[in-house]
Amino acid sequence: MIDRIVIAGASGFIGDHLARVFRAEGSEVKLIGRTGPDARWGETTRIRQLVDGADLVINMAGKSVNCRYGEANRREILRSRIETTRELGEAIAASDNPPPLWLNSSTATIYRHAEDHPQTESTGEIGQGFSVSIATTWEDEFFARDLPGTRRVALRMAIVLGDGSALVPLINLARAGLGGPQLDGPWPSTAARREAGTYHAFGAAGGRQKFSWIHIDDVVGSIRFLREHDEIDGVVNLASPNPSDNRTMMRDLRHALGVPFGLPAFRWMLELGTAAIRTEVELVLKSRWVVPERLTAAGYEFEHPFLDETLKSIVAERAARA
């Protein structure tokens, strides 16, 4: 029997990759999004028809956080996650044959800025601020409804690497000679940003903020693994067991590209630069030190466990396609 997999939010890098991989394996893949193609958000009956009898539901929907955290964007980041998750939950609850497994995207940013020790599912400490509040509210909505026939796993994903991922702008910076570390430092705050929880307080010095990551192949591998392990539910960290830090990551990227040097970017440069390209410094300055305690304890073996080798493989893949 052919698997029927429903993916919500497949227009992004991860969702699009999942759809292509599962279709190549022979699965019937149905997509839900703002423009379909198989169902649009708000089409209650059609969404229920898709999830009813599905073998797997994966939700990757949500506005990108790669933007400025103004009031309108903050509202849309939250709405796009909560309403889509709620709509899927209602559709599954109304199904005669609910899917056995529902995987919902979450984020490793849910943990605090960590420089002292790694954050695991069992010992990790939830952080504070706007990004954390989005993550916790999202997970609360995901687990709120009683769905006895459906196992649920929230995927607390670290930065996902691959050809076409968030790595691309860093590659461009490195090739332009700007591939040094991103250096944190003091920066004045405003009452509005403190109240909104969007101000990044000075943390790790010297580019030593931790960089947790996972290759897109291991996102796929983790999903396959979770399907096979019925005993795993709740929250799961999707991250390499070998996190790096910003300084080392940028050095490894330069080596992979054959770039001999890279100028560092200081906090004032980052503040001006991120404002110009309409994003936030938190995305590069927060120390995310996250490890996959539950996956490794259950026996998952990472296809790409080391960052230097991962970056070389991605750069080689991009060169082969050029």
# chains A, B, ... in the order shown; residues from 1 in each chain; ligands from 1
>>> closest_atom_pairs(of="stretch 35-101 of chain A", to="stretch 133-141 of chain A", cutoff="12 Å", atoms="only C-alpha atoms", output="Markdown table")
| residue | atom | partner | partner_atom | distance |
| --- | --- | --- | --- | --- |
| A:Asn59 | CA | A:Trp138 | CA | 11.6 |
| A:Met60 | CA | A:Trp138 | CA | 11.8 |
| A:Ala61 | CA | A:Trp138 | CA | 11.2 |
| A:Gly62 | CA | A:Trp138 | CA | 10.2 |
| A:Lys63 | CA | A:Ile134 | CA | 11.5 |
| A:Val65 | CA | A:Ile134 | CA | 10.3 |
| A:Tyr69 | CA | A:Ile134 | CA | 11.9 |
| A:Arg74 | CA | A:Ile134 | CA | 8.9 |
| A:Arg75 | CA | A:Ile134 | CA | 9.9 |
| A:Glu76 | CA | A:Ile134 | CA | 10.7 |
| A:Ile77 | CA | A:Ile134 | CA | 7.8 |
| A:Leu78 | CA | A:Ile134 | CA | 6.0 |
| A:Arg79 | CA | A:Ile134 | CA | 9.5 |
| A:Ser80 | CA | A:Trp138 | CA | 9.9 |
| A:Arg81 | CA | A:Trp138 | CA | 6.4 |
| A:Ile82 | CA | A:Trp138 | CA | 5.7 |
| A:Glu83 | CA | A:Glu141 | CA | 8.9 |
| A:Thr84 | CA | A:Glu141 | CA | 9.9 |
| A:Thr85 | CA | A:Glu141 | CA | 6.9 |
| A:Arg86 | CA | A:Glu141 | CA | 6.6 |
| A:Glu87 | CA | A:Glu141 | CA | 10.3 |
| A:Leu88 | CA | A:Glu141 | CA | 10.7 |
| A:Gly89 | CA | A:Glu141 | CA | 8.8 |
| A:Glu90 | CA | A:Glu141 | CA | 11.2 |
>>> select_by_dssp(residues="stretch 246-291 of chain A", states="alpha helix (DSSP H)", output="VMD selection string")
chain A and resid 246 to 257 267 to 276 282 to 285
>>> write_last_selection(atoms="N, CA and C atoms", output="compact mmCIF listing (two decimals), in the first residue's frame")
# COMPACT_ATOMS: atom_id res chain seq x y z
N ASN A 246 30.04 30.01 16.61
CA ASN A 246 30.02 30.89 15.44
C ASN A 246 31.40 31.06 14.82
N ARG A 247 32.41 31.28 15.67
CA ARG A 247 33.76 31.49 15.16
C ARG A 247 34.25 30.26 14.40
N THR A 248 34.05 29.08 14.97
CA THR A 248 34.50 27.85 14.33
C THR A 248 33.69 27.56 13.07
N MET A 249 32.39 27.80 13.14
CA MET A 249 31.54 27.56 11.97
C MET A 249 31.98 28.41 10.78
N MET A 250 32.24 29.69 11.02
CA MET A 250 32.67 30.56 9.92
C MET A 250 34.05 30.16 9.40
N ARG A 251 34.93 29.71 10.28
CA ARG A 251 36.25 29.23 9.83
C ARG A 251 36.09 27.99 8.96
N ASP A 252 35.25 27.05 9.41
CA ASP A 252 35.02 25.83 8.63
C ASP A 252 34.40 26.14 7.27
N LEU A 253 33.51 27.14 7.25
CA LEU A 253 32.89 27.52 5.98
C LEU A 253 33.93 28.12 5.04
N ARG A 254 34.81 28.97 5.55
CA ARG A 254 35.87 29.53 4.70
C ARG A 254 36.75 28.43 4.13
N HIS A 255 37.10 27.47 4.98
CA HIS A 255 37.94 26.36 4.50
C HIS A 255 37.23 25.58 3.40
N ALA A 256 35.93 25.34 3.59
CA ALA A 256 35.17 24.59 2.59
C ALA A 256 35.13 25.33 1.26
N LEU A 257 35.10 26.66 1.32
CA LEU A 257 35.03 27.49 0.12
C LEU A 257 36.39 27.81 -0.46
N ARG A 267 29.19 44.06 16.61
CA ARG A 267 27.77 44.24 16.91
C ARG A 267 27.19 45.46 16.18
N TRP A 268 27.91 46.57 16.14
CA TRP A 268 27.36 47.76 15.50
C TRP A 268 27.15 47.53 14.01
N MET A 269 28.06 46.76 13.39
CA MET A 269 27.90 46.42 11.98
C MET A 269 26.67 45.53 11.78
N LEU A 270 26.51 44.57 12.68
CA LEU A 270 25.39 43.65 12.58
C LEU A 270 24.06 44.37 12.77
N GLU A 271 24.04 45.31 13.72
CA GLU A 271 22.80 46.06 13.95
C GLU A 271 22.42 46.86 12.72
N LEU A 272 23.39 47.54 12.13
CA LEU A 272 23.09 48.33 10.94
C LEU A 272 22.76 47.43 9.75
N GLY A 273 23.52 46.34 9.62
CA GLY A 273 23.30 45.44 8.48
C GLY A 273 21.97 44.72 8.54
N THR A 274 21.62 44.20 9.72
CA THR A 274 20.35 43.49 9.82
C THR A 274 19.16 44.42 9.66
N ALA A 275 19.31 45.66 10.12
CA ALA A 275 18.24 46.64 9.90
C ALA A 275 18.06 46.91 8.41
N ALA A 276 19.18 46.97 7.69
CA ALA A 276 19.13 47.25 6.26
C ALA A 276 18.47 46.13 5.48
N GLU A 282 19.50 38.67 16.67
CA GLU A 282 19.33 37.48 17.50
C GLU A 282 19.62 36.21 16.71
N LEU A 283 19.33 36.23 15.42
CA LEU A 283 19.48 35.03 14.60
C LEU A 283 20.93 34.57 14.52
N VAL A 284 21.90 35.49 14.72
CA VAL A 284 23.31 35.09 14.66
C VAL A 284 24.02 35.23 16.00
N LEU A 285 23.43 35.97 16.95
CA LEU A 285 24.13 36.23 18.21
C LEU A 285 23.64 35.41 19.39
>>> atom_distance(atom1="atom CA of A:Lys210", atom2="atom CA of A:Leu173")
19.5 Å
>>> residues_around(residues="A:Gln128", least_positions_apart="2", cutoff="12 Å", atoms="only C-alpha atoms", output="JSON, numbers by chain")
{"A": [109, 110, 111, 112, 113, 125, 126, 130, 131, 132, 133, 134, 135, 136, 194, 195, 196, 197, 198, 199, 200, 201, 286]}
>>> atom_distance(atom1="atom CA of A:Leu101", atom2="atom CA of A:Arg152")
5.9 Å
>>> atom_distance(atom1="atom CA of A:Glu309", atom2="atom CA of A:Glu121")
26.4 Å
>>> residues_around(residues="A:Asn172", least_positions_apart="4", cutoff="12 Å", atoms="only C-alpha atoms", output="VMD selection string")
chain A and resid 166 to 168 176 to 179 250 253 to 254 257 259 262 315
>>> write_last_selection(atoms="N, CA, C and O atoms", output="PDB file, in the first residue's frame")
ATOM      1  N   ALA A 166      19.521  28.432   4.987  1.00  0.00           N
ATOM      2  CA  ALA A 166      20.019  29.687   5.549  1.00  0.00           C
ATOM      3  C   ALA A 166      21.533  29.818   5.432  1.00  0.00           C
ATOM      4  O   ALA A 166      22.093  30.886   5.725  1.00  0.00           O
ATOM      5  N   LEU A 167      22.200  28.761   4.984  1.00  0.00           N
ATOM      6  CA  LEU A 167      23.644  28.812   4.793  1.00  0.00           C
ATOM      7  C   LEU A 167      24.036  29.683   3.600  1.00  0.00           C
ATOM      8  O   LEU A 167      25.143  30.224   3.556  1.00  0.00           O
ATOM      9  N   VAL A 168      23.154  29.833   2.626  1.00  0.00           N
ATOM     10  CA  VAL A 168      23.486  30.534   1.379  1.00  0.00           C
ATOM     11  C   VAL A 168      23.981  31.957   1.618  1.00  0.00           C
ATOM     12  O   VAL A 168      25.026  32.351   1.074  1.00  0.00           O
ATOM     13  N   ALA A 176      32.744  37.086  -0.229  1.00  0.00           N
ATOM     14  CA  ALA A 176      33.006  38.519  -0.350  1.00  0.00           C
ATOM     15  C   ALA A 176      34.084  38.986   0.625  1.00  0.00           C
ATOM     16  O   ALA A 176      34.363  40.184   0.707  1.00  0.00           O
ATOM     17  N   GLY A 177      34.697  38.062   1.358  1.00  0.00           N
ATOM     18  CA  GLY A 177      35.739  38.420   2.317  1.00  0.00           C
ATOM     19  C   GLY A 177      35.221  38.822   3.675  1.00  0.00           C
ATOM     20  O   GLY A 177      35.981  39.311   4.515  1.00  0.00           O
ATOM     21  N   LEU A 178      33.919  38.626   3.910  1.00  0.00           N
ATOM     22  CA  LEU A 178      33.302  39.014   5.186  1.00  0.00           C
ATOM     23  C   LEU A 178      32.931  37.791   6.024  1.00  0.00           C
ATOM     24  O   LEU A 178      31.992  37.843   6.810  1.00  0.00           O
ATOM     25  N   GLY A 179      33.687  36.731   5.871  1.00  0.00           N
ATOM     26  CA  GLY A 179      33.355  35.477   6.524  1.00  0.00           C
ATOM     27  C   GLY A 179      34.022  35.257   7.860  1.00  0.00           C
ATOM     28  O   GLY A 179      34.301  34.116   8.244  1.00  0.00           O
ATOM     29  N   MET A 250      32.241  29.695  11.018  1.00  0.00           N
ATOM     30  CA  MET A 250      32.669  30.557   9.925  1.00  0.00           C
ATOM     31  C   MET A 250      34.046  30.157   9.398  1.00  0.00           C
ATOM     32  O   MET A 250      34.305  30.222   8.188  1.00  0.00           O
ATOM     33  N   LEU A 253      33.515  27.140   7.248  1.00  0.00           N
ATOM     34  CA  LEU A 253      32.891  27.522   5.984  1.00  0.00           C
ATOM     35  C   LEU A 253      33.926  28.125   5.036  1.00  0.00           C
ATOM     36  O   LEU A 253      33.930  27.823   3.830  1.00  0.00           O
ATOM     37  N   ARG A 254      34.808  28.970   5.547  1.00  0.00           N
ATOM     38  CA  ARG A 254      35.868  29.531   4.701  1.00  0.00           C
ATOM     39  C   ARG A 254      36.753  28.433   4.132  1.00  0.00           C
ATOM     40  O   ARG A 254      37.108  28.444   2.949  1.00  0.00           O
ATOM     41  N   LEU A 257      35.099  26.662   1.325  1.00  0.00           N
ATOM     42  CA  LEU A 257      35.025  27.485   0.115  1.00  0.00           C
ATOM     43  C   LEU A 257      36.394  27.814  -0.463  1.00  0.00           C
ATOM     44  O   LEU A 257      36.486  28.351  -1.575  1.00  0.00           O
ATOM     45  N   VAL A 259      38.416  30.014   0.909  1.00  0.00           N
ATOM     46  CA  VAL A 259      38.608  31.450   1.143  1.00  0.00           C
ATOM     47  C   VAL A 259      39.621  31.617   2.281  1.00  0.00           C
ATOM     48  O   VAL A 259      39.390  31.118   3.389  1.00  0.00           O
ATOM     49  N   GLY A 262      38.647  36.077   6.487  1.00  0.00           N
ATOM     50  CA  GLY A 262      37.318  36.673   6.581  1.00  0.00           C
ATOM     51  C   GLY A 262      37.316  37.750   7.648  1.00  0.00           C
ATOM     52  O   GLY A 262      37.754  37.520   8.780  1.00  0.00           O
ATOM     53  N   VAL A 315      29.004  22.571  -0.030  1.00  0.00           N
ATOM     54  CA  VAL A 315      29.699  23.423  -0.993  1.00  0.00           C
ATOM     55  C   VAL A 315      29.985  22.625  -2.268  1.00  0.00           C
ATOM     56  O   VAL A 315      29.810  23.130  -3.395  1.00  0.00           O
TER      57      VAL A 315
END
>>> closest_residue(among="A:Ala108, A:Ser189, A:His304, A:Ala319", to="A:Val220", atoms="only C-alpha atoms")
A:His304
>>> residues_around(residues="A:Ala94", least_positions_apart="6", cutoff="12 Å", atoms="only C-alpha atoms", output="list in words")
Thr44, Thr45, Arg46, Ile47, Arg48, Gln49, Leu50, Val51, Asp52, Gly53, Glu87, Leu88, Arg145, Asp146, Leu147 and Gly149 of chain A
>>> write_last_selection(atoms="N, CA, C and O atoms", output="mmCIF file, in the first residue's frame")
data_model
loop_
_atom_site.group_PDB
_atom_site.id
_atom_site.type_symbol
_atom_site.label_atom_id
_atom_site.label_comp_id
_atom_site.auth_asym_id
_atom_site.auth_seq_id
_atom_site.Cartn_x
_atom_site.Cartn_y
_atom_site.Cartn_z
ATOM 1 N N THR A 44 -11.846 23.844 5.440
ATOM 2 C CA THR A 44 -11.962 22.885 6.537
ATOM 3 C C THR A 44 -12.272 21.477 6.058
ATOM 4 O O THR A 44 -11.622 20.500 6.476
ATOM 5 N N THR A 45 -13.249 21.354 5.198
ATOM 6 C CA THR A 45 -13.661 20.022 4.737
ATOM 7 C C THR A 45 -12.554 19.350 3.947
ATOM 8 O O THR A 45 -12.268 18.159 4.146
ATOM 9 N N ARG A 46 -11.905 20.089 3.069
ATOM 10 C CA ARG A 46 -10.844 19.506 2.251
ATOM 11 C C ARG A 46 -9.651 19.091 3.108
ATOM 12 O O ARG A 46 -9.058 18.033 2.884
ATOM 13 N N ILE A 47 -9.284 19.888 4.079
ATOM 14 C CA ILE A 47 -8.165 19.518 4.951
ATOM 15 C C ILE A 47 -8.493 18.253 5.728
ATOM 16 O O ILE A 47 -7.652 17.343 5.866
ATOM 17 N N ARG A 48 -9.735 18.150 6.231
ATOM 18 C CA ARG A 48 -10.124 16.928 6.939
ATOM 19 C C ARG A 48 -10.053 15.718 6.012
ATOM 20 O O ARG A 48 -9.596 14.640 6.418
ATOM 21 N N GLN A 49 -10.467 15.873 4.761
ATOM 22 C CA GLN A 49 -10.405 14.767 3.815
ATOM 23 C C GLN A 49 -8.966 14.311 3.573
ATOM 24 O O GLN A 49 -8.710 13.114 3.413
ATOM 25 N N LEU A 50 -8.054 15.257 3.555
ATOM 26 C CA LEU A 50 -6.650 14.905 3.325
ATOM 27 C C LEU A 50 -6.042 14.159 4.506
ATOM 28 O O LEU A 50 -5.316 13.174 4.327
ATOM 29 N N VAL A 51 -6.299 14.623 5.725
ATOM 30 C CA VAL A 51 -5.666 13.995 6.893
ATOM 31 C C VAL A 51 -6.364 12.700 7.294
ATOM 32 O O VAL A 51 -5.745 11.832 7.928
ATOM 33 N N ASP A 52 -7.631 12.564 6.932
ATOM 34 C CA ASP A 52 -8.392 11.349 7.259
ATOM 35 C C ASP A 52 -7.821 10.181 6.455
ATOM 36 O O ASP A 52 -7.883 10.164 5.229
ATOM 37 N N GLY A 53 -7.221 9.227 7.146
ATOM 38 C CA GLY A 53 -6.625 8.077 6.490
ATOM 39 C C GLY A 53 -5.175 8.262 6.094
ATOM 40 O O GLY A 53 -4.562 7.342 5.535
ATOM 41 N N GLU A 87 -5.943 24.392 13.093
ATOM 42 C CA GLU A 87 -6.786 23.867 12.016
ATOM 43 C C GLU A 87 -6.474 22.403 11.730
ATOM 44 O O GLU A 87 -7.379 21.599 11.489
ATOM 45 N N LEU A 88 -5.202 22.043 11.758
ATOM 46 C CA LEU A 88 -4.844 20.637 11.568
ATOM 47 C C LEU A 88 -5.358 19.786 12.720
ATOM 48 O O LEU A 88 -5.862 18.675 12.514
ATOM 49 N N ARG A 145 -5.089 19.656 22.278
ATOM 50 C CA ARG A 145 -6.280 18.864 21.977
ATOM 51 C C ARG A 145 -6.059 17.389 22.316
ATOM 52 O O ARG A 145 -4.952 16.851 22.178
ATOM 53 N N ASP A 146 -7.121 16.716 22.747
ATOM 54 C CA ASP A 146 -7.065 15.285 23.022
ATOM 55 C C ASP A 146 -7.212 14.530 21.707
ATOM 56 O O ASP A 146 -8.268 14.566 21.075
ATOM 57 N N LEU A 147 -6.148 13.861 21.284
ATOM 58 C CA LEU A 147 -6.145 13.091 20.032
ATOM 59 C C LEU A 147 -5.650 11.676 20.333
ATOM 60 O O LEU A 147 -4.493 11.333 20.056
ATOM 61 N N GLY A 149 -5.943 8.834 18.997
ATOM 62 C CA GLY A 149 -5.497 7.963 17.918
ATOM 63 C C GLY A 149 -4.261 8.441 17.190
ATOM 64 O O GLY A 149 -3.814 7.784 16.241
#
>>> residues_around(residues="A:Asp245", least_positions_apart="4", cutoff="12 Å", atoms="only C-alpha atoms", output="MDAnalysis selection string")
chainID A and resid 114:115 181:183 204:213 249:252 284:290 307:308
>>> write_last_selection(atoms="N, CA, C and O atoms", output="mmCIF file, in the first residue's frame")
data_model
loop_
_atom_site.group_PDB
_atom_site.id
_atom_site.type_symbol
_atom_site.label_atom_id
_atom_site.label_comp_id
_atom_site.auth_asym_id
_atom_site.auth_seq_id
_atom_site.Cartn_x
_atom_site.Cartn_y
_atom_site.Cartn_z
ATOM 1 N N ALA A 114 22.535 29.815 25.917
ATOM 2 C CA ALA A 114 23.300 28.876 26.748
ATOM 3 C C ALA A 114 24.772 28.891 26.377
ATOM 4 O O ALA A 114 25.136 28.601 25.230
ATOM 5 N N GLU A 115 25.610 29.225 27.339
ATOM 6 C CA GLU A 115 27.060 29.155 27.174
ATOM 7 C C GLU A 115 27.697 28.185 28.159
ATOM 8 O O GLU A 115 28.883 27.875 28.035
ATOM 9 N N PRO A 181 33.986 35.865 12.223
ATOM 10 C CA PRO A 181 32.952 35.643 13.226
ATOM 11 C C PRO A 181 32.029 36.838 13.380
ATOM 12 O O PRO A 181 32.415 37.980 13.084
ATOM 13 N N GLN A 182 30.809 36.570 13.827
ATOM 14 C CA GLN A 182 29.873 37.643 14.180
ATOM 15 C C GLN A 182 30.016 37.904 15.680
ATOM 16 O O GLN A 182 29.723 37.021 16.490
ATOM 17 N N LEU A 183 30.484 39.087 16.026
ATOM 18 C CA LEU A 183 30.910 39.384 17.389
ATOM 19 C C LEU A 183 29.858 40.185 18.135
ATOM 20 O O LEU A 183 29.481 41.285 17.708
ATOM 21 N N ALA A 204 27.513 36.047 24.560
ATOM 22 C CA ALA A 204 28.824 35.428 24.338
ATOM 23 C C ALA A 204 29.785 36.408 23.671
ATOM 24 O O ALA A 204 29.436 37.096 22.714
ATOM 25 N N ALA A 205 31.019 36.445 24.162
ATOM 26 C CA ALA A 205 32.048 37.306 23.594
ATOM 27 C C ALA A 205 32.904 36.523 22.606
ATOM 28 O O ALA A 205 32.993 35.291 22.671
ATOM 29 N N GLY A 206 33.540 37.253 21.685
ATOM 30 C CA GLY A 206 34.541 36.658 20.811
ATOM 31 C C GLY A 206 34.012 35.694 19.771
ATOM 32 O O GLY A 206 34.766 34.863 19.255
ATOM 33 N N GLY A 207 32.728 35.775 19.439
ATOM 34 C CA GLY A 207 32.170 34.853 18.453
ATOM 35 C C GLY A 207 32.008 33.443 18.984
ATOM 36 O O GLY A 207 31.920 32.491 18.197
ATOM 37 N N ARG A 208 31.920 33.292 20.303
ATOM 38 C CA ARG A 208 31.819 31.956 20.893
ATOM 39 C C ARG A 208 30.381 31.543 21.182
ATOM 40 O O ARG A 208 30.159 30.548 21.881
ATOM 41 N N GLN A 209 29.404 32.287 20.650
ATOM 42 C CA GLN A 209 28.024 31.828 20.791
ATOM 43 C C GLN A 209 27.872 30.481 20.084
ATOM 44 O O GLN A 209 28.372 30.283 18.987
ATOM 45 N N LYS A 210 27.205 29.554 20.758
ATOM 46 C CA LYS A 210 27.083 28.201 20.232
ATOM 47 C C LYS A 210 26.198 28.172 18.984
ATOM 48 O O LYS A 210 25.231 28.927 18.861
ATOM 49 N N PHE A 211 26.539 27.278 18.095
ATOM 50 C CA PHE A 211 25.835 27.117 16.829
ATOM 51 C C PHE A 211 25.365 25.671 16.725
ATOM 52 O O PHE A 211 26.154 24.768 16.455
ATOM 53 N N SER A 212 24.094 25.464 16.986
ATOM 54 C CA SER A 212 23.505 24.131 16.834
ATOM 55 C C SER A 212 22.876 24.025 15.455
ATOM 56 O O SER A 212 22.234 24.973 14.981
ATOM 57 N N TRP A 213 23.007 22.880 14.846
ATOM 58 C CA TRP A 213 22.657 22.740 13.432
ATOM 59 C C TRP A 213 22.257 21.287 13.152
ATOM 60 O O TRP A 213 22.485 20.381 13.963
ATOM 61 N N MET A 249 32.393 27.804 13.135
ATOM 62 C CA MET A 249 31.543 27.558 11.972
ATOM 63 C C MET A 249 31.984 28.410 10.785
ATOM 64 O O MET A 249 32.103 27.918 9.655
ATOM 65 N N MET A 250 32.241 29.695 11.018
ATOM 66 C CA MET A 250 32.669 30.557 9.925
ATOM 67 C C MET A 250 34.046 30.157 9.398
ATOM 68 O O MET A 250 34.305 30.222 8.188
ATOM 69 N N ARG A 251 34.929 29.714 10.276
ATOM 70 C CA ARG A 251 36.246 29.230 9.827
ATOM 71 C C ARG A 251 36.089 27.987 8.959
ATOM 72 O O ARG A 251 36.708 27.860 7.900
ATOM 73 N N ASP A 252 35.248 27.048 9.412
ATOM 74 C CA ASP A 252 35.020 25.831 8.626
ATOM 75 C C ASP A 252 34.397 26.143 7.272
ATOM 76 O O ASP A 252 34.702 25.499 6.262
ATOM 77 N N VAL A 284 21.897 35.487 14.716
ATOM 78 C CA VAL A 284 23.305 35.086 14.658
ATOM 79 C C VAL A 284 24.019 35.235 16.003
ATOM 80 O O VAL A 284 25.102 34.668 16.185
ATOM 81 N N LEU A 285 23.426 35.966 16.952
ATOM 82 C CA LEU A 285 24.131 36.235 18.206
ATOM 83 C C LEU A 285 23.636 35.407 19.388
ATOM 84 O O LEU A 285 24.365 35.258 20.375
ATOM 85 N N LYS A 286 22.433 34.853 19.314
ATOM 86 C CA LYS A 286 21.982 34.017 20.419
ATOM 87 C C LYS A 286 22.786 32.724 20.448
ATOM 88 O O LYS A 286 23.018 32.098 19.413
ATOM 89 N N SER A 287 23.196 32.312 21.641
ATOM 90 C CA SER A 287 23.965 31.078 21.803
ATOM 91 C C SER A 287 23.006 29.905 21.940
ATOM 92 O O SER A 287 22.384 29.702 22.981
ATOM 93 N N ARG A 288 22.888 29.127 20.876
ATOM 94 C CA ARG A 288 22.002 27.957 20.849
ATOM 95 C C ARG A 288 22.854 26.708 21.015
ATOM 96 O O ARG A 288 23.547 26.294 20.089
ATOM 97 N N TRP A 289 22.793 26.129 22.191
ATOM 98 C CA TRP A 289 23.593 24.937 22.502
ATOM 99 C C TRP A 289 22.609 23.806 22.799
ATOM 100 O O TRP A 289 22.181 23.612 23.933
ATOM 101 N N VAL A 290 22.261 23.072 21.758
ATOM 102 C CA VAL A 290 21.191 22.078 21.841
ATOM 103 C C VAL A 290 21.720 20.743 21.333
ATOM 104 O O VAL A 290 22.396 20.684 20.304
ATOM 105 N N LEU A 307 30.356 19.193 11.548
ATOM 106 C CA LEU A 307 30.063 20.389 10.773
ATOM 107 C C LEU A 307 31.054 20.613 9.640
ATOM 108 O O LEU A 307 30.650 20.996 8.535
ATOM 109 N N ASP A 308 32.348 20.425 9.874
ATOM 110 C CA ASP A 308 33.323 20.710 8.816
ATOM 111 C C ASP A 308 33.068 19.838 7.590
ATOM 112 O O ASP A 308 33.079 20.328 6.450
#
